[in-house]
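Printed here is work_38.pdb (PDB, C-alpha atoms (C1' of nucleotides)):
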ATOM      1  CA  MET A   1      -4.810  20.873   5.869  1.00  0.00           C
ATOM      2  CA  ALA A   2      -5.962  17.460   4.781  1.00  0.00           C
ATOM      3  CA  ASN A   3      -3.553  14.966   3.309  1.00  0.00           C
ATOM      4  CA  TYR A   4      -4.107  12.422   0.585  1.00  0.00           C
ATOM      5  CA  TRP A   5      -3.349   8.723   0.421  1.00  0.00           C
ATOM      6  CA  LEU A   6      -3.530   5.783  -1.899  1.00  0.00           C
ATOM      7  CA  MET A   7      -4.610   2.514  -0.350  1.00  0.00           C
ATOM      8  CA  LYS A   8      -4.237  -0.813  -2.107  1.00  0.00           C
ATOM      9  CA  SER A   9      -6.598  -3.709  -1.934  1.00  0.00           C
ATOM     10  CA  GLU A  10      -6.932  -6.860  -3.932  1.00  0.00           C
ATOM     11  CA  PRO A  11     -10.511  -6.660  -5.189  1.00  0.00           C
ATOM     12  CA  GLY A  12     -10.954 -10.391  -4.742  1.00  0.00           C
ATOM     13  CA  CYS A  13     -10.305  -9.780  -1.066  1.00  0.00           C
ATOM     14  CA  PHE A  14     -12.022  -6.425  -0.541  1.00  0.00           C
ATOM     15  CA  SER A  15     -13.134  -4.232  -3.437  1.00  0.00           C
ATOM     16  CA  PHE A  16     -14.448  -0.705  -3.650  1.00  0.00           C
ATOM     17  CA  ASP A  17     -17.893  -2.211  -4.263  1.00  0.00           C
ATOM     18  CA  ASP A  18     -17.494  -4.097  -1.003  1.00  0.00           C
ATOM     19  CA  LEU A  19     -16.826  -0.769   0.695  1.00  0.00           C
ATOM     20  CA  LEU A  20     -19.941   0.760  -0.894  1.00  0.00           C
ATOM     21  CA  GLN A  21     -21.980  -2.124   0.473  1.00  0.00           C
ATOM     22  CA  ALA A  22     -20.420  -2.158   3.926  1.00  0.00           C
ATOM     23  CA  PRO A  23     -22.447  -0.822   6.872  1.00  0.00           C
ATOM     24  CA  GLY A  24     -22.165   2.950   6.768  1.00  0.00           C
ATOM     25  CA  GLN A  25     -19.990   2.463   3.660  1.00  0.00           C
ATOM     26  CA  THR A  26     -17.204   2.309   6.212  1.00  0.00           C
ATOM     27  CA  THR A  27     -14.493  -0.207   6.992  1.00  0.00           C
ATOM     28  CA  SER A  28     -11.479  -0.598   9.230  1.00  0.00           C
ATOM     29  CA  TRP A  29      -8.223  -0.829   7.290  1.00  0.00           C
ATOM     30  CA  ASP A  30      -7.039  -3.686   9.446  1.00  0.00           C
ATOM     31  CA  GLY A  31      -4.537  -6.442   8.908  1.00  0.00           C
ATOM     32  CA  VAL A  32      -1.722  -4.253   7.586  1.00  0.00           C
ATOM     33  CA  ARG A  33       1.485  -5.909   8.783  1.00  0.00           C
ATOM     34  CA  ASN A  34       4.182  -3.676   7.395  1.00  0.00           C
ATOM     35  CA  TYR A  35       6.029  -1.250   9.640  1.00  0.00           C
ATOM     36  CA  GLN A  36       6.240   1.570   7.137  1.00  0.00           C
ATOM     37  CA  ALA A  37       2.510   1.459   6.459  1.00  0.00           C
ATOM     38  CA  ARG A  38       1.908   1.043  10.195  1.00  0.00           C
ATOM     39  CA  ASN A  39       3.878   4.194  10.939  1.00  0.00           C
ATOM     40  CA  LEU A  40       1.910   6.170   8.378  1.00  0.00           C
ATOM     41  CA  MET A  41      -1.434   5.026   9.766  1.00  0.00           C
ATOM     42  CA  ARG A  42      -0.377   5.544  13.366  1.00  0.00           C
ATOM     43  CA  ASP A  43       1.256   8.942  12.910  1.00  0.00           C
ATOM     44  CA  SER A  44       0.024  10.616   9.752  1.00  0.00           C
ATOM     45  CA  VAL A  45      -3.283   9.370   8.378  1.00  0.00           C
ATOM     46  CA  SER A  46      -5.896  11.661   9.923  1.00  0.00           C
ATOM     47  CA  ILE A  47      -9.608  12.193   9.962  1.00  0.00           C
ATOM     48  CA  GLY A  48     -10.755  14.080   6.890  1.00  0.00           C
ATOM     49  CA  ASP A  49      -7.877  12.926   4.680  1.00  0.00           C
ATOM     50  CA  GLY A  50      -8.676  11.817   1.130  1.00  0.00           C
ATOM     51  CA  VAL A  51      -8.104   8.244  -0.040  1.00  0.00           C
ATOM     52  CA  LEU A  52      -7.673   6.800  -3.512  1.00  0.00           C
ATOM     53  CA  PHE A  53      -8.932   3.211  -3.464  1.00  0.00           C
ATOM     54  CA  TYR A  54      -6.615   1.165  -5.673  1.00  0.00           C
ATOM     55  CA  HIS A  55      -7.322  -2.334  -6.921  1.00  0.00           C
ATOM     56  CA  SER A  56      -4.027  -4.237  -7.054  1.00  0.00           C
ATOM     57  CA  ASN A  57      -2.837  -7.606  -8.304  1.00  0.00           C
ATOM     58  CA  ILE A  58      -5.285  -7.867 -11.184  1.00  0.00           C
ATOM     59  CA  SER A  59      -4.717  -7.788 -14.928  1.00  0.00           C
ATOM     60  CA  ASP A  60      -5.613  -4.111 -15.193  1.00  0.00           C
ATOM     61  CA  PRO A  61      -4.997  -2.408 -11.833  1.00  0.00           C
ATOM     62  CA  VAL A  62      -7.258   0.597 -11.312  1.00  0.00           C
ATOM     63  CA  ILE A  63      -8.207   3.401  -8.995  1.00  0.00           C
ATOM     64  CA  ALA A  64     -11.852   2.561  -8.504  1.00  0.00           C
ATOM     65  CA  GLY A  65     -13.073   5.275  -6.191  1.00  0.00           C
ATOM     66  CA  THR A  66     -12.413   7.728  -3.421  1.00  0.00           C
ATOM     67  CA  ALA A  67     -12.893   7.503   0.302  1.00  0.00           C
ATOM     68  CA  ARG A  68     -12.261   9.652   3.312  1.00  0.00           C
ATOM     69  CA  VAL A  69     -10.604   8.882   6.598  1.00  0.00           C
ATOM     70  CA  VAL A  70     -13.243   8.891   9.329  1.00  0.00           C
ATOM     71  CA  LYS A  71     -11.036   7.658  12.178  1.00  0.00           C
ATOM     72  CA  GLY A  72      -7.311   8.236  12.625  1.00  0.00           C
ATOM     73  CA  GLY A  73      -4.767   5.659  13.742  1.00  0.00           C
ATOM     74  CA  TYR A  74      -5.789   3.336  16.567  1.00  0.00           C
ATOM     75  CA  PRO A  75      -4.703  -0.144  17.658  1.00  0.00           C
ATOM     76  CA  ASP A  76      -5.505  -2.975  15.252  1.00  0.00           C
ATOM     77  CA  HIS A  77      -7.231  -5.411  17.587  1.00  0.00           C
ATOM     78  CA  THR A  78      -7.181  -8.181  14.964  1.00  0.00           C
ATOM     79  CA  ALA A  79      -3.553  -8.740  16.004  1.00  0.00           C
ATOM     80  CA  LEU A  80      -4.814  -9.938  19.396  1.00  0.00           C
ATOM     81  CA  ASP A  81      -7.201 -12.611  18.099  1.00  0.00           C
ATOM     82  CA  PRO A  82      -5.379 -15.954  18.082  1.00  0.00           C
ATOM     83  CA  ARG A  83      -7.962 -17.437  15.740  1.00  0.00           C
ATOM     84  CA  GLY A  84      -7.868 -14.596  13.247  1.00  0.00           C
ATOM     85  CA  GLU A  85      -5.649 -14.623  10.202  1.00  0.00           C
ATOM     86  CA  HIS A  86      -3.984 -11.369  11.276  1.00  0.00           C
ATOM     87  CA  PHE A  87      -2.931 -12.625  14.693  1.00  0.00           C
ATOM     88  CA  ASP A  88       0.473 -11.484  15.926  1.00  0.00           C
ATOM     89  CA  PRO A  89       1.632 -13.279  19.080  1.00  0.00           C
ATOM     90  CA  LYS A  90       3.899 -10.351  19.943  1.00  0.00           C
ATOM     91  CA  ALA A  91       1.013  -7.873  20.132  1.00  0.00           C
ATOM     92  CA  THR A  92      -0.627  -7.083  23.479  1.00  0.00           C
ATOM     93  CA  ALA A  93      -3.246  -4.598  24.637  1.00  0.00           C
ATOM     94  CA  GLN A  94      -0.446  -2.597  26.261  1.00  0.00           C
ATOM     95  CA  ASN A  95       1.748  -2.808  23.168  1.00  0.00           C
ATOM     96  CA  PRO A  96      -0.574  -3.291  20.194  1.00  0.00           C
ATOM     97  CA  ILE A  97       2.278  -3.008  17.637  1.00  0.00           C
ATOM     98  CA  TRP A  98      -0.149  -2.655  14.717  1.00  0.00           C
ATOM     99  CA  TYR A  99      -2.477   0.219  13.922  1.00  0.00           C
ATOM    100  CA  MET A 100      -5.372   0.803  11.568  1.00  0.00           C
ATOM    101  CA  VAL A 101      -7.667   3.607  10.416  1.00  0.00           C
ATOM    102  CA  ASP A 102     -11.308   3.711   9.335  1.00  0.00           C
ATOM    103  CA  ILE A 103     -12.313   4.888   5.888  1.00  0.00           C
ATOM    104  CA  GLN A 104     -15.707   5.686   4.405  1.00  0.00           C
ATOM    105  CA  ALA A 105     -16.557   5.572   0.707  1.00  0.00           C
ATOM    106  CA  VAL A 106     -17.089   8.934  -0.959  1.00  0.00           C
ATOM    107  CA  SER A 107     -17.676   8.051  -4.589  1.00  0.00           C
ATOM    108  CA  ALA A 108     -16.808   5.658  -7.345  1.00  0.00           C
ATOM    109  CA  LEU A 109     -14.852   7.416 -10.078  1.00  0.00           C
ATOM    110  CA  ALA A 110     -16.999   8.382 -13.064  1.00  0.00           C
ATOM    111  CA  ASN A 111     -14.120   7.070 -15.176  1.00  0.00           C
ATOM    112  CA  PRO A 112     -12.077   4.523 -13.229  1.00  0.00           C
ATOM    113  CA  VAL A 113      -8.417   5.413 -13.699  1.00  0.00           C
ATOM    114  CA  THR A 114      -6.412   2.413 -14.815  1.00  0.00           C
ATOM    115  CA  ARG A 115      -2.725   1.953 -14.217  1.00  0.00           C
ATOM    116  CA  SER A 116      -2.025   2.450 -17.908  1.00  0.00           C
ATOM    117  CA  MET A 117      -3.890   5.769 -17.784  1.00  0.00           C
ATOM    118  CA  LEU A 118      -1.722   6.792 -14.840  1.00  0.00           C
ATOM    119  CA  LYS A 119       1.424   5.768 -16.704  1.00  0.00           C
ATOM    120  CA  ASN A 120       0.386   7.682 -19.795  1.00  0.00           C
ATOM    121  CA  HIS A 121      -0.026  10.939 -17.883  1.00  0.00           C
ATOM    122  CA  PRO A 122       3.292  12.834 -17.845  1.00  0.00           C
ATOM    123  CA  GLY A 123       2.378  14.714 -14.689  1.00  0.00           C
ATOM    124  CA  LEU A 124       2.097  11.477 -12.743  1.00  0.00           C
ATOM    125  CA  ALA A 125       5.528  10.110 -13.621  1.00  0.00           C
ATOM    126  CA  ASP A 126       6.701  10.189 -10.011  1.00  0.00           C
ATOM    127  CA  LEU A 127       3.537   8.832  -8.427  1.00  0.00           C
ATOM    128  CA  ASP A 128       4.679   6.292  -5.831  1.00  0.00           C
ATOM    129  CA  VAL A 129       2.402   3.469  -6.944  1.00  0.00           C
ATOM    130  CA  LEU A 130       3.939   3.552 -10.421  1.00  0.00           C
ATOM    131  CA  LYS A 131       7.444   2.987  -9.118  1.00  0.00           C
ATOM    132  CA  LYS A 132       8.800  -0.474  -9.719  1.00  0.00           C
ATOM    133  CA  GLY A 133       8.848  -2.693  -6.685  1.00  0.00           C
ATOM    134  CA  ASN A 134       6.747  -0.396  -4.521  1.00  0.00           C
ATOM    135  CA  ARG A 135       4.716  -2.685  -2.287  1.00  0.00           C
ATOM    136  CA  LEU A 136       3.631  -0.199   0.335  1.00  0.00           C
ATOM    137  CA  SER A 137      -0.094  -0.646   0.876  1.00  0.00           C
ATOM    138  CA  VAL A 138      -0.651   2.881   2.192  1.00  0.00           C
ATOM    139  CA  GLN A 139       1.112   5.581   0.208  1.00  0.00           C
ATOM    140  CA  PRO A 140       1.110   9.360   0.437  1.00  0.00           C
ATOM    141  CA  VAL A 141      -0.254  11.231  -2.582  1.00  0.00           C
ATOM    142  CA  SER A 142       0.481  14.907  -3.213  1.00  0.00           C
ATOM    143  CA  GLU A 143      -2.422  17.306  -3.607  1.00  0.00           C
ATOM    144  CA  CYS A 144      -1.222  17.899  -7.131  1.00  0.00           C
ATOM    145  CA  HIS A 145      -1.398  14.217  -7.996  1.00  0.00           C
ATOM    146  CA  TRP A 146      -4.721  13.898  -6.208  1.00  0.00           C
ATOM    147  CA  ARG A 147      -6.215  16.581  -8.396  1.00  0.00           C
ATOM    148  CA  MET A 148      -4.775  15.170 -11.590  1.00  0.00           C
ATOM    149  CA  ILE A 149      -6.178  11.745 -10.800  1.00  0.00           C
ATOM    150  CA  LEU A 150      -9.621  13.083  -9.913  1.00  0.00           C
ATOM    151  CA  SER A 151      -9.503  15.038 -13.151  1.00  0.00           C
ATOM    152  CA  LEU A 152      -8.625  11.882 -15.104  1.00  0.00           C
ATOM    153  CA  GLY A 153     -11.437  10.172 -13.259  1.00  0.00           C
ATOM    154  CA  GLY A 154     -13.943  12.719 -14.479  1.00  0.00           C
ATOM    155  CA  MET A 155     -14.629  14.032 -11.004  1.00  0.00           C
ATOM    156  CA  ILE A 156     -13.242  17.566 -11.257  1.00  0.00           C
ATOM    157  CA  ALA A 157     -12.581  19.798 -14.205  1.00  0.00           C
ATOM    158  CA  ASP A 158      -9.356  21.507 -13.293  1.00  0.00           C
ATOM    159  CA  GLU A 159      -5.810  20.308 -13.265  1.00  0.00           C
ATOM    160  CA  CYS A 160      -3.180  21.184 -10.723  1.00  0.00           C
ATOM    161  CA  PRO A 161      -2.723  24.961 -10.384  1.00  0.00           C
ATOM    162  CA  VAL A 162       0.774  24.579  -8.951  1.00  0.00           C
ATOM    163  CA  ARG A 163       1.934  22.702 -12.004  1.00  0.00           C
ATOM    164  CA  ARG A 164       0.438  25.344 -14.278  1.00  0.00           C
ATOM    165  CA  ASN A 165       2.178  28.154 -12.409  1.00  0.00           C
ATOM    166  CA  ASN A 166       5.537  26.416 -12.334  1.00  0.00           C
ATOM    167  CA  ARG A 167       5.670  25.482 -15.973  1.00  0.00           C
ATOM    168  CA  LYS A 168       7.814  28.459 -17.013  1.00  0.00           C
ATOM    169  CA  SER A 169      10.538  27.608 -14.523  1.00  0.00           C
ATOM    170  CA  HIS A 170      11.067  24.108 -15.915  1.00  0.00           C
TER     171      HIS A 170
ATOM    172  C1'  DG B 171       2.513 -18.321 -14.395  1.00  0.00           C
ATOM    173  C1'  DC B 172       6.823 -15.836 -14.132  1.00  0.00           C
ATOM    174  C1'  DC B 173       9.896 -13.347 -11.641  1.00  0.00           C
ATOM    175  C1'  DA B 174      11.860  -8.916  -9.742  1.00  0.00           C
ATOM    176  C1'  DA B 175      11.712  -6.344  -5.710  1.00  0.00           C
ATOM    177  C1'  DC B 176      11.063  -6.044  -1.117  1.00  0.00           C
ATOM    178  C1'  DG B 177      10.685  -7.081   4.025  1.00  0.00           C
ATOM    179  C1'  DT B 178      11.577 -10.381   7.535  1.00  0.00           C
ATOM    180  C1'  DT B 179      13.889 -14.124   9.788  1.00  0.00           C
ATOM    181  C1'  DG B 180      17.496 -16.451  11.839  1.00  0.00           C
ATOM    182  C1'  DG B 181      22.159 -18.609  11.824  1.00  0.00           C
ATOM    183  C1'  DC B 182      26.580 -17.244  12.667  1.00  0.00           C
TER     184       DC B 182
ATOM    185  C1'  DG C 183      25.583  -6.764  12.829  1.00  0.00           C
ATOM    186  C1'  DC C 184      25.926  -9.248   8.528  1.00  0.00           C
ATOM    187  C1'  DC C 185      23.662 -11.505   5.007  1.00  0.00           C
ATOM    188  C1'  DA C 186      21.632 -15.695   2.846  1.00  0.00           C
ATOM    189  C1'  DA C 187      17.325 -17.799   2.665  1.00  0.00           C
ATOM    190  C1'  DC C 188      12.722 -17.400   2.526  1.00  0.00           C
ATOM    191  C1'  DG C 189       7.880 -15.723   1.905  1.00  0.00           C
ATOM    192  C1'  DT C 190       5.065 -12.177  -0.117  1.00  0.00           C
ATOM    193  C1'  DT C 191       3.630  -8.651  -3.289  1.00  0.00           C
ATOM    194  C1'  DG C 192       2.098  -7.391  -7.510  1.00  0.00           C
ATOM    195  C1'  DG C 193       3.032  -5.941 -12.412  1.00  0.00           C
ATOM    196  C1'  DC C 194       3.351  -8.051 -16.569  1.00  0.00           C
TER     197       DC C 194
END
Represent the structure of the file as C-alpha coordinates.
Amino acid sequence: MANYWLMKSEPGCFSFDDLLQAPGQTTSWDGVRNYQARNLMRDSVSIGDGVLFYHSNISDPVIAGTARVVKGGYPDHTALDPRGEHFDPKATAQNPIWYMVDIQAVSALANPVTRSMLKNHPGLADLDVLKKGNRLSVQPVSECHWRMILSLGGMIADECPVRRNNRKSH
DNA sequence: GCCAACGTTGGC
DNA sequence: GCCAACGTTGGC
(Lines of atoms letter the chains of each structure in order from A and count residues from 1; the text may use other names and numbers.)
(Lines give C-alpha, C1' and ligand atoms only; values in the text may rest on other atoms or scores of the structure.)
Protein backbone atom coordinates (compact mmCIF):
# COMPACT_ATOMS: atom_id res chain seq x y z
CA MET A 1 0.00 0.00 0.00
CA ALA A 2 1.37 3.35 -1.04
CA ASN A 3 2.07 6.04 1.50
CA TYR A 4 1.68 9.78 1.20
CA TRP A 5 4.05 12.61 1.99
CA LEU A 6 4.25 16.36 2.03
CA MET A 7 7.50 17.86 0.83
CA LYS A 8 8.41 21.49 1.37
CA SER A 9 10.30 23.69 -0.98
CA GLU A 10 10.87 27.39 -1.12
CA PRO A 11 9.57 28.29 -4.58
CA GLY A 12 12.34 30.82 -5.04
CA CYS A 13 14.73 27.90 -4.72
CA PHE A 14 12.80 25.15 -6.49
CA SER A 15 9.11 25.48 -7.36
CA PHE A 16 6.54 23.05 -8.66
CA ASP A 17 6.86 24.80 -12.04
CA ASP A 18 10.57 24.04 -11.92
CA LEU A 19 9.68 20.38 -11.42
CA LEU A 20 7.29 20.47 -14.39
CA GLN A 21 10.09 21.86 -16.52
CA ALA A 22 12.79 19.52 -15.27
CA PRO A 23 13.98 16.70 -17.56
CA GLY A 24 11.43 13.93 -17.28
CA GLN A 25 9.56 16.20 -14.84
CA THR A 26 11.75 14.47 -12.29
CA THR A 27 14.16 15.67 -9.65
CA SER A 28 16.29 14.31 -6.84
CA TRP A 29 15.19 15.56 -3.42
CA ASP A 30 18.77 16.21 -2.42
CA GLY A 31 20.34 18.48 0.13
CA VAL A 32 18.09 17.53 3.04
CA ARG A 33 20.28 17.79 6.14
CA ASN A 34 17.93 16.86 8.94
CA TYR A 35 18.12 13.45 10.57
CA GLN A 36 14.40 12.97 10.99
CA ALA A 37 13.73 13.73 7.33
CA ARG A 38 16.76 11.62 6.40
CA ASN A 39 15.36 8.64 8.29
CA LEU A 40 12.02 8.97 6.54
CA MET A 41 13.60 9.12 3.09
CA ARG A 42 16.02 6.30 3.83
CA ASP A 43 13.53 3.95 5.48
CA SER A 44 9.99 4.84 4.52
CA VAL A 45 9.58 6.89 1.35
CA SER A 46 9.05 4.31 -1.39
CA ILE A 47 8.50 4.12 -5.10
CA GLY A 48 4.88 4.79 -5.98
CA ASP A 49 4.17 6.93 -2.91
CA GLY A 50 2.20 10.15 -3.39
CA VAL A 51 3.72 13.57 -2.70
CA LEU A 52 2.11 16.91 -1.96
CA PHE A 53 4.44 19.65 -3.20
CA TYR A 54 4.28 22.50 -0.69
CA HIS A 55 5.62 25.99 -1.27
CA SER A 56 6.98 27.30 2.03
CA ASN A 57 8.35 30.58 3.34
CA ILE A 58 6.21 32.82 1.16
CA SER A 59 3.40 35.19 2.05
CA ASP A 60 0.71 32.66 1.17
CA PRO A 61 2.14 29.13 1.48
CA VAL A 62 0.40 26.67 -0.84
CA ILE A 63 0.22 23.10 -2.00
CA ALA A 64 0.91 23.63 -5.67
CA GLY A 65 0.77 20.15 -7.10
CA THR A 66 1.26 16.45 -6.70
CA ALA A 67 4.17 14.19 -7.50
CA ARG A 68 5.04 10.56 -7.15
CA VAL A 69 8.11 8.87 -5.78
CA VAL A 70 9.98 7.23 -8.65
CA LYS A 71 13.06 6.15 -6.69
CA GLY A 72 13.25 5.19 -3.03
CA GLY A 73 15.95 6.23 -0.58
CA TYR A 74 19.53 6.18 -1.83
CA PRO A 75 22.71 8.01 -0.83
CA ASP A 76 22.74 11.76 -1.41
CA HIS A 77 25.98 12.16 -3.32
CA THR A 78 25.86 15.96 -3.03
CA ALA A 79 27.23 15.47 0.50
CA LEU A 80 30.48 14.22 -1.05
CA ASP A 81 31.13 17.22 -3.30
CA PRO A 82 33.44 19.63 -1.47
CA ARG A 83 32.51 22.44 -3.83
CA GLY A 84 28.77 21.95 -3.53
CA GLU A 85 26.65 23.84 -1.05
CA HIS A 86 25.41 20.58 0.50
CA PHE A 87 28.86 19.21 1.25
CA ASP A 88 29.24 17.34 4.53
CA PRO A 89 32.86 16.54 5.41
CA LYS A 90 31.71 13.63 7.58
CA ALA A 91 30.03 11.83 4.68
CA THR A 92 31.91 9.13 2.75
CA ALA A 93 30.97 6.67 0.03
CA GLN A 94 31.04 3.92 2.66
CA ASN A 95 29.00 5.98 5.12
CA PRO A 96 26.95 8.45 3.07
CA ILE A 97 25.03 9.74 6.14
CA TRP A 98 22.46 11.55 3.97
CA TYR A 99 19.82 10.06 1.71
CA MET A 100 17.49 11.34 -0.97
CA VAL A 101 14.63 10.14 -3.17
CA ASP A 102 13.53 11.00 -6.70
CA ILE A 103 10.11 12.44 -7.40
CA GLN A 104 8.26 13.03 -10.66
CA ALA A 105 5.52 15.60 -11.18
CA VAL A 106 2.01 14.21 -11.58
CA SER A 107 -0.15 17.30 -11.84
CA ALA A 108 -0.58 20.85 -10.72
CA LEU A 109 -3.66 21.21 -8.54
CA ALA A 110 -6.67 22.58 -10.42
CA ASN A 111 -7.20 24.78 -7.36
CA PRO A 112 -3.93 25.28 -5.49
CA VAL A 113 -4.64 24.70 -1.80
CA THR A 114 -3.37 27.56 0.31
CA ARG A 115 -2.38 27.29 3.93
CA SER A 116 -5.43 29.30 4.95
CA MET A 117 -7.65 26.84 3.06
CA LEU A 118 -5.98 24.01 4.96
CA LYS A 119 -6.50 25.81 8.26
CA ASN A 120 -10.14 26.47 7.49
CA HIS A 121 -10.89 22.79 6.90
CA PRO A 122 -11.91 21.14 10.19
CA GLY A 123 -10.85 17.71 8.99
CA LEU A 124 -7.27 18.87 8.56
CA ALA A 125 -6.81 20.27 12.06
CA ASP A 126 -4.09 17.76 12.91
CA LEU A 127 -2.21 17.93 9.63
CA ASP A 128 1.49 18.06 10.55
CA VAL A 129 2.38 21.05 8.39
CA LEU A 130 -0.18 23.18 10.23
CA LYS A 131 1.39 22.53 13.61
CA LYS A 132 3.31 25.44 15.02
CA GLY A 133 7.05 25.11 14.82
CA ASN A 134 7.02 22.09 12.52
CA ARG A 135 10.07 22.46 10.31
CA LEU A 136 10.32 18.93 8.99
CA SER A 137 10.79 19.14 5.24
CA VAL A 138 9.40 15.67 4.55
CA GLN A 139 6.25 14.84 6.47
CA PRO A 140 3.92 11.85 6.43
CA VAL A 141 0.34 12.52 5.33
CA SER A 142 -2.51 10.13 6.10
CA GLU A 143 -4.58 8.77 3.23
CA CYS A 144 -7.53 10.57 4.73
CA HIS A 145 -5.75 13.91 4.65
CA TRP A 146 -4.41 13.18 1.18
CA ARG A 147 -7.92 12.69 -0.13
CA MET A 148 -9.28 15.77 1.60
CA ILE A 149 -6.52 17.90 0.14
CA LEU A 150 -6.95 16.53 -3.37
CA SER A 151 -10.66 17.18 -2.98
CA LEU A 152 -9.98 20.78 -1.92
CA GLY A 153 -7.65 21.03 -4.87
CA GLY A 154 -10.40 20.07 -7.27
CA MET A 155 -8.71 16.84 -8.27
CA ILE A 156 -11.15 14.27 -6.88
CA ALA A 157 -14.79 14.50 -5.97
CA ASP A 158 -15.03 12.41 -2.85
CA GLU A 159 -14.00 13.08 0.69
CA CYS A 160 -12.51 10.59 3.08
CA PRO A 161 -14.72 7.50 3.49
CA VAL A 162 -13.18 6.63 6.85
CA ARG A 163 -14.15 9.97 8.28
CA ARG A 164 -17.69 9.58 6.98
CA ASN A 165 -18.04 6.14 8.53
CA ASN A 166 -16.62 7.18 11.88
CA ARG A 167 -18.72 10.27 12.34
CA LYS A 168 -21.33 8.59 14.55
CA SER A 169 -18.74 7.42 17.05
CA HIS A 170 -17.43 10.93 17.71
C1' DG B 1 11.21 42.30 9.26
C1' DC B 2 10.04 39.99 13.51
C1' DC B 3 10.45 36.30 16.35
C1' DA B 4 9.06 31.60 18.11
C1' DA B 5 10.37 27.03 17.60
C1' DC B 6 13.57 23.82 16.55
C1' DG B 7 18.07 21.24 15.73
C1' DT B 8 22.93 21.35 16.32
C1' DT B 9 27.24 22.53 18.44
C1' DG B 10 30.54 22.71 21.87
C1' DG B 11 32.25 24.05 26.52
C1' DC B 12 32.25 22.20 30.85
C1' DG C 1 25.38 14.29 29.79
C1' DC C 2 23.83 18.96 30.52
C1' DC C 3 22.55 23.11 28.59
C1' DA C 4 23.57 27.80 26.77
C1' DA C 5 24.56 29.77 22.51
C1' DC C 6 23.90 29.84 17.93
C1' DG C 7 22.02 29.29 13.16
C1' DT C 8 17.99 28.13 10.52
C1' DT C 9 13.20 27.66 9.35
C1' DG C 10 9.11 29.59 8.19
C1' DG C 11 4.55 31.67 9.54
C1' DC C 12 2.85 35.97 10.23
Using the chain letters and numbers from the file, give me the residues hit by the PyMOL selection byres ((chain A) within 9 of (chain B)), as a PDB file with C-alpha atoms, in the coordinates of the input.
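Saved result, out_36.pdb, follows:
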ATOM      1  CA  ASN A  34       4.182  -3.676   7.395  1.00  0.00           C
ATOM      2  CA  LYS A 132       8.800  -0.474  -9.719  1.00  0.00           C
ATOM      3  CA  GLY A 133       8.848  -2.693  -6.685  1.00  0.00           C
ATOM      4  CA  ASN A 134       6.747  -0.396  -4.521  1.00  0.00           C
ATOM      5  CA  ARG A 135       4.716  -2.685  -2.287  1.00  0.00           C
TER       6      ARG A 135
END
Shell around Val138 of chain A at 6 Å using only C-alpha atoms (C1' of nucleotides), local window under 6 positions removed, as a count of residues only: 3
For the atom pair atom CA of Ile149 of chain A and atom CA of Lys8 of chain A, what is the interatomic distance in Å to one decimal place? 15.4 Å
Please provide as a PDB file with C-alpha atoms, keeping the file's coordinate frame all residues within 10 Å of Met148 of chain A, with the sequence filter that same-chain residues fewer than 4 positions apart are discarded (counting only C-alpha atoms (C1' of nucleotides)).
ATOM      1  CA  LEU A 118      -1.722   6.792 -14.840  1.00  0.00           C
ATOM      2  CA  HIS A 121      -0.026  10.939 -17.883  1.00  0.00           C
ATOM      3  CA  GLY A 123       2.378  14.714 -14.689  1.00  0.00           C
ATOM      4  CA  LEU A 124       2.097  11.477 -12.743  1.00  0.00           C
ATOM      5  CA  SER A 142       0.481  14.907  -3.213  1.00  0.00           C
ATOM      6  CA  GLU A 143      -2.422  17.306  -3.607  1.00  0.00           C
ATOM      7  CA  CYS A 144      -1.222  17.899  -7.131  1.00  0.00           C
ATOM      8  CA  LEU A 152      -8.625  11.882 -15.104  1.00  0.00           C
ATOM      9  CA  GLY A 153     -11.437  10.172 -13.259  1.00  0.00           C
ATOM     10  CA  GLY A 154     -13.943  12.719 -14.479  1.00  0.00           C
ATOM     11  CA  MET A 155     -14.629  14.032 -11.004  1.00  0.00           C
ATOM     12  CA  ILE A 156     -13.242  17.566 -11.257  1.00  0.00           C
ATOM     13  CA  ALA A 157     -12.581  19.798 -14.205  1.00  0.00           C
ATOM     14  CA  ASP A 158      -9.356  21.507 -13.293  1.00  0.00           C
ATOM     15  CA  GLU A 159      -5.810  20.308 -13.265  1.00  0.00           C
ATOM     16  CA  CYS A 160      -3.180  21.184 -10.723  1.00  0.00           C
TER      17      CYS A 160
END
Step by step, work through what the PyMOL selection byres ((chain A and resi 12) around 10) selects in the shown file, and finish by giving those residues as a PDB file with C-alpha atoms, keeping the file's coordinate frame.
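Result file follows (expr-v6.pdb):
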ATOM      1  CA  SER A   9      -6.598  -3.709  -1.934  1.00  0.00           C
ATOM      2  CA  GLU A  10      -6.932  -6.860  -3.932  1.00  0.00           C
ATOM      3  CA  PRO A  11     -10.511  -6.660  -5.189  1.00  0.00           C
ATOM      4  CA  CYS A  13     -10.305  -9.780  -1.066  1.00  0.00           C
ATOM      5  CA  PHE A  14     -12.022  -6.425  -0.541  1.00  0.00           C
ATOM      6  CA  SER A  15     -13.134  -4.232  -3.437  1.00  0.00           C
ATOM      7  CA  ASP A  18     -17.494  -4.097  -1.003  1.00  0.00           C
ATOM      8  CA  HIS A  55      -7.322  -2.334  -6.921  1.00  0.00           C
ATOM      9  CA  SER A  56      -4.027  -4.237  -7.054  1.00  0.00           C
ATOM     10  CA  ASN A  57      -2.837  -7.606  -8.304  1.00  0.00           C
ATOM     11  CA  ILE A  58      -5.285  -7.867 -11.184  1.00  0.00           C
TER      12      ILE A  58
END
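The space between atom CA of Leu19 of chain A and atom CA of Tyr54 of chain A spans 12.2 Å.
Taking atom CA of Leu109 of chain A as the reference point, atom CA of Gly31 of chain A is found at 25.7 Å.
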Using all atoms of segment 171-176 of chain B that appear in the file, construct an axis-aligned enclosing box with 3 Å of padding on every side and provide its centre coordinates and edge lengths in Å, rounded to one decimal, as AutoDock Vina command-line options.
--center_x 7.2 --center_y -12.2 --center_z -7.8 --size_x 15.3 --size_y 18.3 --size_z 19.3
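Using only C-alpha atoms, the nearest neighbour of Ala108 of chain A within the list A:Ala67, A:Ile47, A:Ala2, A:Val32 is A:Ala67.
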